[in-house]
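Chemist: Dropping in target-v8.txt, with compact mmCIF, C-alpha atoms and all ligand atoms.
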# COMPACT_ATOMS: atom_id res chain seq x y z
CA MET R 1199 92.52 44.00 74.61
CA ILE R 1200 94.54 44.57 71.46
CA ARG R 1201 98.28 44.45 72.19
CA SER R 1202 101.00 46.01 70.03
CA ASP R 1203 104.22 44.51 68.65
CA VAL R 1204 103.67 40.97 69.92
CA ASP R 1205 106.20 38.15 69.55
CA LEU R 1206 104.59 35.16 67.77
CA SER R 1207 107.65 32.90 67.65
CA SER R 1208 106.13 30.54 70.21
CA ALA R 1209 102.69 30.79 68.54
CA ASN R 1210 103.85 28.87 65.44
CA THR R 1211 105.00 25.26 65.69
CA LEU R 1212 107.93 25.85 63.32
CA GLY R 1213 109.18 28.33 65.92
CA LEU R 1214 110.01 30.91 63.24
CA PRO R 1215 110.68 34.44 64.44
CA CYS R 1216 107.68 36.68 63.84
CA ARG R 1217 106.14 39.80 65.34
CA ALA R 1218 102.57 40.98 64.94
CA GLU R 1219 101.93 44.70 64.66
CA ARG R 1220 98.77 44.13 66.74
CA PHE R 1221 97.42 40.98 68.36
CA LEU R 1222 94.13 40.02 69.96
CA ALA R 1223 93.39 36.63 71.51
CA THR R 1224 89.82 36.45 72.77
CA ASP R 1225 87.00 34.05 73.61
CA ASP R 1226 84.40 36.80 73.44
CA ILE R 1227 82.49 37.01 70.18
CA GLY R 1228 81.58 40.66 70.88
CA SER R 1229 85.28 41.55 71.13
CA VAL R 1230 85.95 39.74 67.85
CA ARG R 1231 83.21 41.79 66.15
CA ASP R 1232 84.52 45.07 67.68
CA ALA R 1233 88.05 44.24 66.50
CA LEU R 1234 86.81 43.48 62.98
CA ARG R 1235 84.97 46.80 62.86
CA GLN R 1236 88.03 48.67 64.09
CA ALA R 1237 90.32 46.91 61.59
CA VAL R 1238 88.03 47.81 58.69
CA LYS R 1239 87.76 51.41 59.87
CA GLN R 1240 91.53 51.79 60.29
CA GLY R 1241 92.41 49.82 57.15
CA TRP R 1242 94.44 47.23 59.09
CA PRO R 1243 95.14 43.99 57.19
CA LEU R 1244 93.67 41.08 59.18
CA THR R 1245 95.24 37.69 59.83
CA VAL R 1246 93.47 34.91 61.71
CA LEU R 1247 95.72 32.63 63.74
CA GLY R 1248 94.74 29.19 65.04
CA GLY R 1249 97.28 26.89 66.69
CA GLY R 1250 99.97 28.03 64.22
CA SER R 1251 100.76 24.44 63.26
CA ASN R 1252 100.35 24.70 59.50
CA LEU R 1253 102.03 28.03 58.86
CA VAL R 1254 105.28 29.39 57.57
CA LEU R 1255 105.62 32.89 59.02
CA HIS R 1256 107.76 35.65 57.64
CA PRO R 1257 109.10 37.96 60.38
CA TRP R 1258 106.44 40.68 60.21
CA LEU R 1259 102.65 40.48 60.31
CA PRO R 1260 101.24 43.96 59.73
CA GLY R 1261 97.78 45.09 60.84
CA LEU R 1262 95.87 42.93 63.31
CA VAL R 1263 96.35 39.24 64.11
CA LEU R 1264 93.22 37.73 65.62
CA GLN R 1265 93.26 34.46 67.54
CA PRO R 1266 89.85 33.12 68.57
CA THR R 1267 90.14 31.14 71.80
CA PHE R 1268 86.58 29.79 72.23
CA THR R 1269 86.95 26.36 73.81
CA ASN R 1270 83.31 25.47 74.54
CA LEU R 1271 82.27 21.87 73.92
CA ARG R 1272 78.67 20.64 73.81
CA PHE R 1273 77.12 17.31 72.88
CA GLU R 1274 73.69 17.02 71.25
CA GLU R 1275 71.88 13.71 70.79
CA ALA R 1276 71.00 13.36 67.09
CA GLY R 1277 69.15 10.01 67.24
CA GLN R 1278 70.04 6.68 65.59
CA GLY R 1279 73.17 6.38 67.71
CA GLU R 1280 74.62 9.65 66.46
CA VAL R 1281 75.77 12.70 68.37
CA LEU R 1282 76.42 16.23 67.19
CA VAL R 1283 79.50 17.79 68.75
CA HIS R 1284 79.61 21.58 68.92
CA VAL R 1285 83.17 22.75 69.50
CA GLY R 1286 84.74 26.19 69.76
CA ALA R 1287 87.43 27.09 67.22
CA GLY R 1288 90.10 27.61 69.89
CA LEU R 1289 90.01 24.12 71.43
CA ASN R 1290 93.14 22.07 70.79
CA TRP R 1291 92.26 19.38 68.23
CA HIS R 1292 93.82 16.50 70.17
CA VAL R 1293 91.94 17.54 73.33
CA LEU R 1294 88.75 17.09 71.30
CA VAL R 1295 89.90 13.69 70.01
CA GLU R 1296 90.51 12.54 73.59
CA ALA R 1297 87.21 13.95 74.85
CA LEU R 1298 85.28 11.97 72.22
CA ALA R 1299 87.33 8.78 72.61
CA GLU R 1300 86.74 8.86 76.40
CA ARG R 1301 82.98 8.98 75.75
CA ASP R 1302 83.29 6.11 73.26
CA LEU R 1303 82.20 8.33 70.40
CA TRP R 1304 83.60 7.24 67.02
CA GLY R 1305 84.64 9.36 64.05
CA ILE R 1306 87.89 11.24 64.67
CA GLU R 1307 90.03 8.75 66.64
CA ASN R 1308 92.28 8.24 63.57
CA LEU R 1309 93.04 11.98 63.67
CA ALA R 1310 94.70 11.75 67.10
CA LEU R 1311 97.70 13.95 67.85
CA ILE R 1312 97.28 16.24 64.84
CA PRO R 1313 98.53 19.57 66.17
CA GLY R 1314 96.52 22.78 65.96
CA HIS R 1315 93.16 24.21 66.93
CA CYS R 1316 89.75 22.87 65.89
CA GLY R 1317 88.98 26.05 63.93
CA ALA R 1318 91.88 25.40 61.55
CA ALA R 1319 90.90 21.79 60.85
CA PRO R 1320 88.51 22.55 57.95
CA ILE R 1321 90.99 24.86 56.20
CA GLN R 1322 93.27 22.03 55.08
CA ASN R 1323 90.66 19.32 55.70
CA ILE R 1324 93.01 17.55 58.11
CA GLY R 1325 93.44 13.88 57.37
CA ALA R 1326 95.43 10.87 58.51
CA TYR R 1327 95.23 7.07 58.57
CA GLY R 1328 92.35 6.86 56.11
CA VAL R 1329 90.08 9.52 57.69
CA GLU R 1330 89.50 13.17 56.84
CA LEU R 1331 87.67 15.87 58.74
CA ALA R 1332 85.18 16.06 55.82
CA ASP R 1333 83.97 12.55 56.76
CA VAL R 1334 82.45 13.85 60.02
CA LEU R 1335 82.02 17.58 59.52
CA GLU R 1336 78.42 18.82 59.63
CA GLN R 1337 78.80 22.63 59.85
CA VAL R 1338 81.34 25.42 60.03
CA HIS R 1339 80.22 28.60 61.84
CA LEU R 1340 82.11 31.74 60.87
CA LEU R 1341 82.19 35.52 60.74
CA HIS R 1342 83.06 37.42 57.59
CA LEU R 1343 86.08 39.66 58.24
CA GLU R 1344 84.74 42.52 56.11
CA ASP R 1345 81.61 43.19 58.16
CA GLY R 1346 81.43 40.66 61.01
CA ARG R 1347 78.30 39.00 59.61
CA GLU R 1348 77.72 35.45 60.73
CA ALA R 1349 77.32 32.50 58.38
CA ILE R 1350 76.98 28.74 58.68
CA LEU R 1351 78.40 26.49 55.97
CA GLY R 1352 77.29 22.88 55.59
CA ARG R 1353 79.79 20.22 54.55
CA ASP R 1354 78.80 20.49 50.89
CA ASP R 1355 79.43 24.25 50.90
CA CYS R 1356 83.06 23.73 51.96
CA ALA R 1357 84.41 22.28 48.66
CA PHE R 1358 86.52 19.77 50.54
CA GLY R 1359 89.29 17.92 48.73
CA TYR R 1360 92.59 16.35 49.71
CA ARG R 1361 94.18 18.95 52.04
CA ASP R 1362 91.89 21.50 50.41
CA SER R 1363 88.71 23.51 51.00
CA ILE R 1364 86.91 26.73 50.13
CA PHE R 1365 88.94 28.35 52.95
CA LYS R 1366 92.06 28.06 50.76
CA HIS R 1367 90.26 29.58 47.75
CA ALA R 1368 87.13 31.79 47.61
CA LEU R 1369 87.13 32.37 51.38
CA GLU R 1370 90.90 32.57 51.88
CA ASN R 1371 91.73 35.29 54.45
CA ARG R 1372 88.08 36.41 54.39
CA VAL R 1373 86.53 34.69 57.41
CA VAL R 1374 87.19 33.76 61.00
CA ILE R 1375 85.92 30.31 61.92
CA THR R 1376 84.25 30.36 65.34
CA ARG R 1377 82.76 26.89 65.77
CA LEU R 1378 82.53 23.44 64.19
CA VAL R 1379 79.73 20.91 64.40
CA LEU R 1380 80.78 17.29 63.90
CA ARG R 1381 78.54 14.25 63.53
CA VAL R 1382 79.99 11.27 65.39
CA SER R 1383 78.66 7.85 66.31
CA LYS R 1384 78.11 5.76 69.43
CA ARG R 1385 78.48 2.61 67.31
CA ALA R 1386 81.97 1.14 67.04
CA GLN R 1387 83.33 1.72 63.55
CA PRO R 1388 87.10 1.27 63.59
CA ARG R 1389 88.89 2.18 60.35
CA LEU R 1390 92.15 0.28 60.46
CA ASP R 1391 93.09 -0.27 56.81
CA TYR R 1392 96.02 2.15 56.78
CA GLY R 1393 99.52 0.71 57.19
CA ASP R 1394 100.05 -1.54 60.19
CA LEU R 1395 97.40 0.09 62.38
CA ALA R 1396 95.31 -3.11 62.72
CA SER R 1397 98.32 -5.15 63.89
CA ARG R 1398 98.84 -2.74 66.79
CA LEU R 1399 95.31 -3.23 68.16
CA PRO R 1400 93.23 -5.86 70.00
CA ALA R 1401 90.35 -7.62 68.18
CA ALA R 1402 87.55 -5.24 69.24
CA PRO R 1403 89.36 -1.99 70.01
CA SER R 1404 87.73 0.97 71.76
CA ALA R 1405 87.92 4.45 70.24
CA SER R 1406 90.57 5.21 72.89
CA ASP R 1407 92.61 2.18 71.80
CA VAL R 1408 92.58 3.42 68.19
CA ALA R 1409 93.52 6.97 69.21
CA ALA R 1410 96.38 5.58 71.32
CA ALA R 1411 97.66 3.38 68.46
CA VAL R 1412 97.54 6.29 65.99
CA SER R 1413 99.35 8.48 68.52
CA ALA R 1414 102.06 5.83 68.89
CA VAL R 1415 102.59 5.63 65.10
CA ARG R 1416 102.78 9.41 64.85
CA ARG R 1417 105.28 9.65 67.73
CA GLU R 1418 107.52 7.12 65.97
CA LYS R 1419 107.56 8.99 62.65
CA LEU R 1420 106.81 12.64 63.24
CA PRO R 1421 108.84 15.12 65.27
CA ASP R 1422 107.16 16.70 68.31
CA PRO R 1423 106.94 20.44 67.57
CA ALA R 1424 107.61 21.14 71.26
CA VAL R 1425 111.05 19.60 70.74
CA LEU R 1426 111.85 20.28 67.07
CA GLY R 1427 110.11 23.02 65.07
CA ASN R 1428 107.97 21.68 62.21
CA ALA R 1429 104.62 22.10 60.47
CA GLY R 1430 103.89 18.43 59.75
CA SER R 1431 103.98 17.44 56.08
CA PHE R 1432 105.55 20.30 54.18
CA PHE R 1433 104.29 19.07 50.79
CA LYS R 1434 101.08 17.50 49.57
CA ASN R 1435 101.25 14.02 48.17
CA PRO R 1436 101.25 14.66 44.40
CA VAL R 1437 98.58 13.26 42.11
CA VAL R 1438 99.67 12.15 38.64
CA SER R 1439 97.96 10.54 35.63
CA ALA R 1440 97.76 6.75 35.41
CA GLU R 1441 100.11 6.89 32.42
CA LYS R 1442 102.71 8.89 34.29
CA ALA R 1443 102.42 6.54 37.29
CA ARG R 1444 102.96 3.50 34.99
CA MET R 1445 106.05 5.10 33.52
CA LEU R 1446 107.47 5.90 36.97
CA LEU R 1447 106.64 2.39 38.23
CA SER R 1448 108.45 0.76 35.32
CA ARG R 1449 111.63 2.51 36.48
CA ASN R 1450 110.88 2.31 40.23
CA PRO R 1451 108.95 -0.90 40.87
CA GLY R 1452 108.90 -0.34 44.66
CA MET R 1453 107.31 3.12 44.45
CA PRO R 1454 104.33 3.53 46.84
CA HIS R 1455 101.25 4.51 44.80
CA PHE R 1456 97.54 4.82 45.54
CA PRO R 1457 95.05 4.68 42.65
CA LEU R 1458 92.22 7.21 43.07
CA ALA R 1459 88.57 6.87 42.08
CA ASP R 1460 89.03 9.31 39.17
CA GLY R 1461 91.74 7.15 37.54
CA ASN R 1462 94.66 9.31 38.67
CA VAL R 1463 97.29 8.04 41.08
CA LYS R 1464 98.51 9.59 44.31
CA LEU R 1465 102.24 9.24 45.03
CA ALA R 1466 104.05 9.53 48.38
CA ALA R 1467 105.98 12.81 48.43
CA GLY R 1468 108.02 11.51 51.39
CA TRP R 1469 109.19 8.54 49.33
CA LEU R 1470 110.12 10.74 46.33
CA ILE R 1471 112.18 13.07 48.58
CA ASP R 1472 113.74 10.12 50.37
CA GLN R 1473 114.81 8.62 47.00
CA CYS R 1474 116.65 11.86 46.23
CA GLY R 1475 118.79 11.12 49.31
CA LEU R 1476 117.56 14.18 51.18
CA LYS R 1477 116.22 12.59 54.38
CA GLY R 1478 118.10 13.90 57.41
CA LEU R 1479 119.72 16.73 55.42
CA ARG R 1480 120.64 19.84 57.38
CA GLU R 1481 121.26 23.21 55.75
CA GLY R 1482 122.12 25.95 58.23
CA HIS R 1483 119.27 26.26 60.73
CA VAL R 1484 116.77 24.13 58.82
CA GLY R 1485 116.59 20.59 57.55
CA ILE R 1486 114.63 17.49 56.58
CA HIS R 1487 113.45 15.17 59.33
CA ASP R 1488 115.48 11.97 59.60
CA ARG R 1489 112.44 9.66 59.98
CA GLN R 1490 109.93 11.27 57.58
CA ALA R 1491 111.29 13.11 54.55
CA LEU R 1492 108.01 14.96 54.07
CA VAL R 1493 108.62 17.04 57.18
CA LEU R 1494 110.92 20.06 57.06
CA VAL R 1495 112.33 21.07 60.44
CA HIS R 1496 113.65 24.25 62.02
CA HIS R 1497 116.53 23.69 64.44
CA GLY R 1498 116.27 27.24 65.80
CA GLY R 1499 117.84 30.52 64.77
CA GLY R 1500 116.55 30.27 61.18
CA SER R 1501 113.98 32.13 59.13
CA ALA R 1502 111.12 31.53 56.73
CA THR R 1503 113.39 32.59 53.87
CA GLU R 1504 115.93 29.90 54.79
CA LEU R 1505 113.22 27.26 55.10
CA LEU R 1506 111.63 28.22 51.77
CA ALA R 1507 115.03 28.02 50.07
CA LEU R 1508 115.40 24.45 51.34
CA ALA R 1509 111.85 23.66 50.18
CA GLN R 1510 112.75 25.03 46.75
CA ARG R 1511 115.79 22.74 46.63
CA VAL R 1512 113.58 19.75 47.49
CA VAL R 1513 111.06 20.70 44.79
CA GLY R 1514 113.89 21.09 42.27
CA GLU R 1515 115.51 17.73 43.04
CA VAL R 1516 112.22 15.81 42.91
CA GLN R 1517 111.32 17.57 39.67
CA ALA R 1518 114.69 16.75 38.10
CA ARG R 1519 114.63 13.10 39.11
CA PHE R 1520 110.93 12.18 38.70
CA ASP R 1521 109.44 15.04 36.68
CA VAL R 1522 106.82 15.44 39.43
CA THR R 1523 106.01 18.86 40.91
CA LEU R 1524 105.61 19.04 44.68
CA GLU R 1525 103.26 21.65 46.14
CA ARG R 1526 103.76 23.29 49.54
CA GLU R 1527 101.12 22.35 52.11
CA PRO R 1528 101.45 24.90 55.00
CA ARG R 1529 100.27 28.43 54.35
CA LEU R 1530 102.75 31.27 53.99
CA MET R 1531 101.97 34.49 55.84
CA GLY R 1532 103.55 37.81 56.68
CA GLU R 1533 106.19 40.05 55.18
CA THR R 1534 109.96 39.70 55.00
CA ALA R 1535 110.53 43.14 56.54
CA ARG R 1536 108.66 45.79 58.50
N1 LIG G 1601 108.03 7.06 52.80
C1 LIG G 1601 109.37 6.89 52.56
N2 LIG G 1601 110.26 7.75 53.13
C2 LIG G 1601 109.88 8.78 53.92
C3 LIG G 1601 108.51 8.98 54.15
C4 LIG G 1601 107.59 8.11 53.58
O1 LIG G 1601 109.76 5.97 51.86
O2 LIG G 1601 110.75 9.52 54.38
C5 LIG G 1601 107.05 6.13 52.24
C6 LIG G 1601 106.46 5.24 53.35
O3 LIG G 1601 107.24 4.11 53.57
C7 LIG G 1601 105.11 4.89 52.77
C8 LIG G 1601 104.72 6.12 51.97
O4 LIG G 1601 105.93 6.83 51.73
O5 LIG G 1601 105.20 3.81 51.89
C9 LIG G 1601 103.72 7.00 52.69
O6 LIG G 1601 104.25 7.40 53.95
P1 LIG G 1601 103.34 7.61 55.27
O7 LIG G 1601 102.45 6.45 55.47
O8 LIG G 1601 104.25 8.00 56.38
O9 LIG G 1601 102.38 8.79 54.92
P2 LIG G 1601 102.62 10.12 54.07
O10 LIG G 1601 101.93 9.96 52.77
O11 LIG G 1601 104.04 10.48 54.06
C10 LIG G 1601 100.38 11.25 54.86
C11 LIG G 1601 99.96 12.60 55.40
C12 LIG G 1601 100.29 12.70 56.88
C13 LIG G 1601 99.56 11.59 57.60
C14 LIG G 1601 99.99 10.24 57.02
C15 LIG G 1601 99.18 9.12 57.60
C16 LIG G 1601 100.08 14.17 53.56
C17 LIG G 1601 100.80 15.31 52.94
N3 LIG G 1601 100.62 13.66 54.67
O12 LIG G 1601 101.80 11.19 54.96
O13 LIG G 1601 99.80 13.96 57.33
O14 LIG G 1601 99.82 11.63 58.99
O15 LIG G 1601 99.75 10.23 55.58
O16 LIG G 1601 97.88 9.16 57.10
O17 LIG G 1601 99.04 13.76 53.07
C18 LIG G 1601 100.36 16.24 57.74
O18 LIG G 1601 99.55 16.55 56.87
O19 LIG G 1601 101.00 17.12 58.37
C19 LIG G 1601 100.63 14.83 58.02
C20 LIG G 1601 101.58 14.43 58.85
Output the file's structure as structure tokens, nothing else.
Ligand code: EPU
Modeler:
Amino acid sequence: MIRSDVDLSSANTLGLPCRAERFLATDDIGSVRDALRQAVKQGWPLTVLGGGSNLVLHPWLPGLVLQPTFTNLRFEEAGQGEVLVHVGAGLNWHVLVEALAERDLWGIENLALIPGHCGAAPIQNIGAYGVELADVLEQVHLLHLEDGREAILGRDDCAFGYRDSIFKHALENRVVITRLVLRVSKRAQPRLDYGDLASRLPAAPSASDVAAAVSAVRREKLPDPAVLGNAGSFFKNPVVSAEKARMLLSRNPGMPHFPLADGNVKLAAGWLIDQCGLKGLREGHVGIHDRQALVLVHHGGGSATELLALAQRVVGEVQARFDVTLEREPRLMGETAR
């Protein structure tokens, strides 16, 4: 049932105040289709909400906010030690990570404890500790918002990049993702190159061991949204030319840098912000996390406008000091006033 004037402040992990003009959470595909038809007929703008963990919400979302809550999970033998996992868009991502790790299925254990719903994972191509969703994604099932027609995209149709996909470009705000299909493996294939992950694990770790170690690292560095409002990394790690990286390294020999296959170099936005002395900063109701400068936090009582002003200050200081432009990672939605 579509409800009116619904408070979404606990439906976004930043905890920003927001109301939806209309809101429908449903696990019934027929109801999703009916709602899409009605929205088109009435001219309501449509917003699709997942777990709300990668969003900056202005106070007012006009039209209809749709939250798919399908949580079905099915395993299909694919031969050669591989398994296809069919998962509903509304299942919590970490619940999926645990379900696979428990069954000793390998592929997404490095993505433990990433907040949000499975359906949102392809949008930003979630990634951590050397693994990205694109590494295991087989299909994305979706409905087009304009007419409810169903489509299935294969991995190659999704234009995946670093924190990027077709869902942030050609299909932005045009589809509702209903289901993912992932290809995972029964064979042990730990990927432990990132940071000190390997040193936290026994010689032949299980998928559960890896998920637990990743969870421990995340808990040490990243604030729990249940305790302190945040949307994970607020900026993407910037990519610069090799020449620019050399110039920056000559002045900052300790600067973390990661050469990419195309010759460019990825820098650590957290390090750049930290060097500007901004870690732990608090401005009014918002601030910068004291253990990871890449995470902006909301202490409560603030607004998207306040948070975006802080983000702008961060962008300005990094630009002035390093001549590197940081790009916001979470998506901005809604309107500043009714
Ligand atoms: N660093 C600092 N100060 C800081 C933060 C980082 O000096 O305040 C340095 C670290 O010491 C390290 C480097 O920067 O040398 C990179 O830091 P870290 O390993 O913590 O990773 P990150 O690049 O800051 C990225 C992802 C995270 C992901 C981790 C682990 C992005 C935008 N962020 O962070 O993803 O968990 O790697 O793979 O790519 C997210 O997207 O929400 C997220 C948390």
Chemist: Which polymer residues, protein or nucleic acid, are no farther than 9 Å from (107.8, 41.0, 56.3), counting all atoms listed in the file, as a PDB file with C-alpha atoms, in the coordinates of the input?
Modeler:
ATOM      1  CA  CYS R1216     107.680  36.680  63.840  1.00  0.00           C
ATOM      2  CA  LEU R1255     105.620  32.890  59.020  1.00  0.00           C
ATOM      3  CA  HIS R1256     107.760  35.650  57.640  1.00  0.00           C
ATOM      4  CA  PRO R1257     109.100  37.960  60.380  1.00  0.00           C
ATOM      5  CA  TRP R1258     106.440  40.680  60.210  1.00  0.00           C
ATOM      6  CA  LEU R1259     102.650  40.480  60.310  1.00  0.00           C
ATOM      7  CA  PRO R1260     101.240  43.960  59.730  1.00  0.00           C
ATOM      8  CA  MET R1531     101.970  34.490  55.840  1.00  0.00           C
ATOM      9  CA  GLY R1532     103.550  37.810  56.680  1.00  0.00           C
ATOM     10  CA  GLU R1533     106.190  40.050  55.180  1.00  0.00           C
ATOM     11  CA  THR R1534     109.960  39.700  55.000  1.00  0.00           C
ATOM     12  CA  ALA R1535     110.530  43.140  56.540  1.00  0.00           C
ATOM     13  CA  ARG R1536     108.660  45.790  58.500  1.00  0.00           C
TER      14      ARG R1536
END
Chemist: Kindly provide the residues of chain R that approach ligand LIG 1601 (chain G) to within 7 Å, each paired with its closest atom pair and their distance in Å to one decimal, based on only C-alpha atoms and all ligand atoms, listed by chain and increasing number, as a Markdown table.
Modeler:
| residue | atom | partner | partner_atom | distance |
| --- | --- | --- | --- | --- |
| R:Ile1324 | CA | G:LIG1601 | O18 | 6.7 |
| R:Gly1325 | CA | G:LIG1601 | O13 | 6.4 |
| R:Ala1326 | CA | G:LIG1601 | O16 | 3.3 |
| R:Tyr1327 | CA | G:LIG1601 | O16 | 3.7 |
| R:Gly1328 | CA | G:LIG1601 | O16 | 6.1 |
| R:Gly1393 | CA | G:LIG1601 | O7 | 6.7 |
| R:Arg1416 | CA | G:LIG1601 | O14 | 6.9 |
| R:Ala1429 | CA | G:LIG1601 | O19 | 6.5 |
| R:Gly1430 | CA | G:LIG1601 | O19 | 3.5 |
| R:Ser1431 | CA | G:LIG1601 | O19 | 3.8 |
| R:Phe1432 | CA | G:LIG1601 | O19 | 7.0 |
| R:Phe1433 | CA | G:LIG1601 | C17 | 5.6 |
| R:Lys1434 | CA | G:LIG1601 | C17 | 4.0 |
| R:Asn1435 | CA | G:LIG1601 | C17 | 5.0 |
| R:Pro1454 | CA | G:LIG1601 | O5 | 5.1 |
| R:Ala1466 | CA | G:LIG1601 | O4 | 4.7 |
| R:Ala1467 | CA | G:LIG1601 | O11 | 6.4 |
| R:Gly1468 | CA | G:LIG1601 | C3 | 3.8 |
| R:Trp1469 | CA | G:LIG1601 | C1 | 3.6 |
| R:Ile1471 | CA | G:LIG1601 | O2 | 6.9 |
| R:Asp1472 | CA | G:LIG1601 | N2 | 5.0 |
| R:Lys1477 | CA | G:LIG1601 | O2 | 6.3 |
| R:Arg1489 | CA | G:LIG1601 | O2 | 5.9 |
| R:Gln1490 | CA | G:LIG1601 | O2 | 3.7 |
| R:Ala1491 | CA | G:LIG1601 | O2 | 3.6 |
| R:Leu1492 | CA | G:LIG1601 | O11 | 6.0 |
Chemist: So what do you get for CA of Asn1270 in chain R versus CA of His1284 in chain R, distance-wise?
Modeler: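 Interatomic distance, CA of Asn1270 in chain R to CA of His1284 in chain R: 7.8 Å.
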Chemist: Looking at all atoms listed in the file, which of R:Leu1282, R:Ser1363, R:Val1254, R:Leu1446 is the one that sits closest to Val1495 in chain R?
Modeler: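 Going through R:Leu1282, R:Ser1363, R:Val1254, R:Leu1446 one by one, the smallest distance to Val1495 in chain R is for R:Val1254.
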Chemist: Measuring atom to atom with all atoms listed in the file, identify which of R:Cys1474, R:Val1412, R:Ala1440, R:Leu1311 is nearest to Leu1458 in chain R.
Modeler: R:Ala1440
Chemist: Using all atoms listed in the file, determine which residues lie at most 10 Å from Gly1213 in chain R, disregarding the query and same-chain residues fewer than 3 positions distant; provide the list as a PyMOL selection string.
Modeler: chain R and resi 1206-1210+1216+1250-1251+1254-1255+1423-1424+1426-1429+1495-1502
Chemist: What is the distance between CA of Leu1378 in chain R and CA of Val1238 in chain R, in Å to one decimal?
Modeler: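 Taking CA of Leu1378 in chain R as the start and CA of Val1238 in chain R as the end point, the length is 25.6 Å.
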Chemist: For Val1295 in chain R, find every residue with an atom within 12 Å (counting all atoms listed in the file), except residues of its own chain fewer than 3 positions away, and show them as a ChimeraX atom specification.
Modeler: /R:1271,1283,1285,1289-1292,1298-1316,1331,1380,1382,1405-1410,1412-1413
Chemist: Ranking R:Leu1214, R:Val1373, R:Leu1399, R:Ala1411 by minimum distance to Leu1244 in chain R and counting only C-alpha atoms, which one comes first?
Modeler: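 Of R:Leu1214, R:Val1373, R:Leu1399, R:Ala1411, the one nearest Leu1244 in chain R, counting only C-alpha atoms, is R:Val1373.
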Chemist: With only C-alpha atoms as the counted atoms, please give the residues lying no more than 8 Å from Val1204 in chain R, apart from itself and same-chain residues fewer than 4 positions off, as a PDB file with C-alpha atoms, keeping the file's coordinate frame.
Modeler:
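Result file is around-v4.pdb:
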ATOM      1  CA  ARG R1217     106.140  39.800  65.340  1.00  0.00           C
ATOM      2  CA  ALA R1218     102.570  40.980  64.940  1.00  0.00           C
ATOM      3  CA  GLU R1219     101.930  44.700  64.660  1.00  0.00           C
ATOM      4  CA  ARG R1220      98.770  44.130  66.740  1.00  0.00           C
ATOM      5  CA  PHE R1221      97.420  40.980  68.360  1.00  0.00           C
TER       6      PHE R1221
END
Chemist: Here is a test: counting only C-alpha atoms, which residue of R:Arg1361, R:Asn1371, R:Leu1340, R:Leu1505 is nearest to Glu1525 in chain R?
Modeler: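 Ranked by minimum distance to Glu1525 in chain R, first place goes to R:Arg1361.
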Chemist: Compare R:Leu1262, R:Arg1526, R:Lys1419, R:His1455 by their minimum atom-to-atom distance to Arg1235 in chain R, counting all atoms listed in the file, and give me the closest one.
Modeler: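 Smallest separation from Arg1235 in chain R among the options: R:Leu1262.
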Chemist: Got a sec: who's within 7 Å of Glu1336 in chain R, counting all atoms listed in the file, leaving out chain neighbours fewer than 6 positions off, as a ChimeraX atom specification?
Modeler: /R:1352-1353,1379-1381
Chemist: Write out, as a compact mmCIF listing (two decimals), in the frame of the given file, the residues just selected, with C-alpha atoms.
Modeler:
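Okay, again-v9.txt is ready:
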# COMPACT_ATOMS: atom_id res chain seq x y z
CA GLY R 1352 77.29 22.88 55.59
CA ARG R 1353 79.79 20.22 54.55
CA VAL R 1379 79.73 20.91 64.40
CA LEU R 1380 80.78 17.29 63.90
CA ARG R 1381 78.54 14.25 63.53
Chemist: In Å, rounded to a single decimal, give me how far CA of Leu1494 in chain R is from CA of Ala1509 in chain R.
Modeler: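 Calculated distance between CA of Ala1509 in chain R and CA of Leu1494 in chain R is 7.8 Å.
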Chemist: Taking only C-alpha atoms into account, which of R:Gly1286, R:Gly1475, R:Gly1346, R:Gly1452 comes nearest Arg1519 in chain R?
Modeler: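 Closest residue, counting only C-alpha atoms: R:Gly1475.
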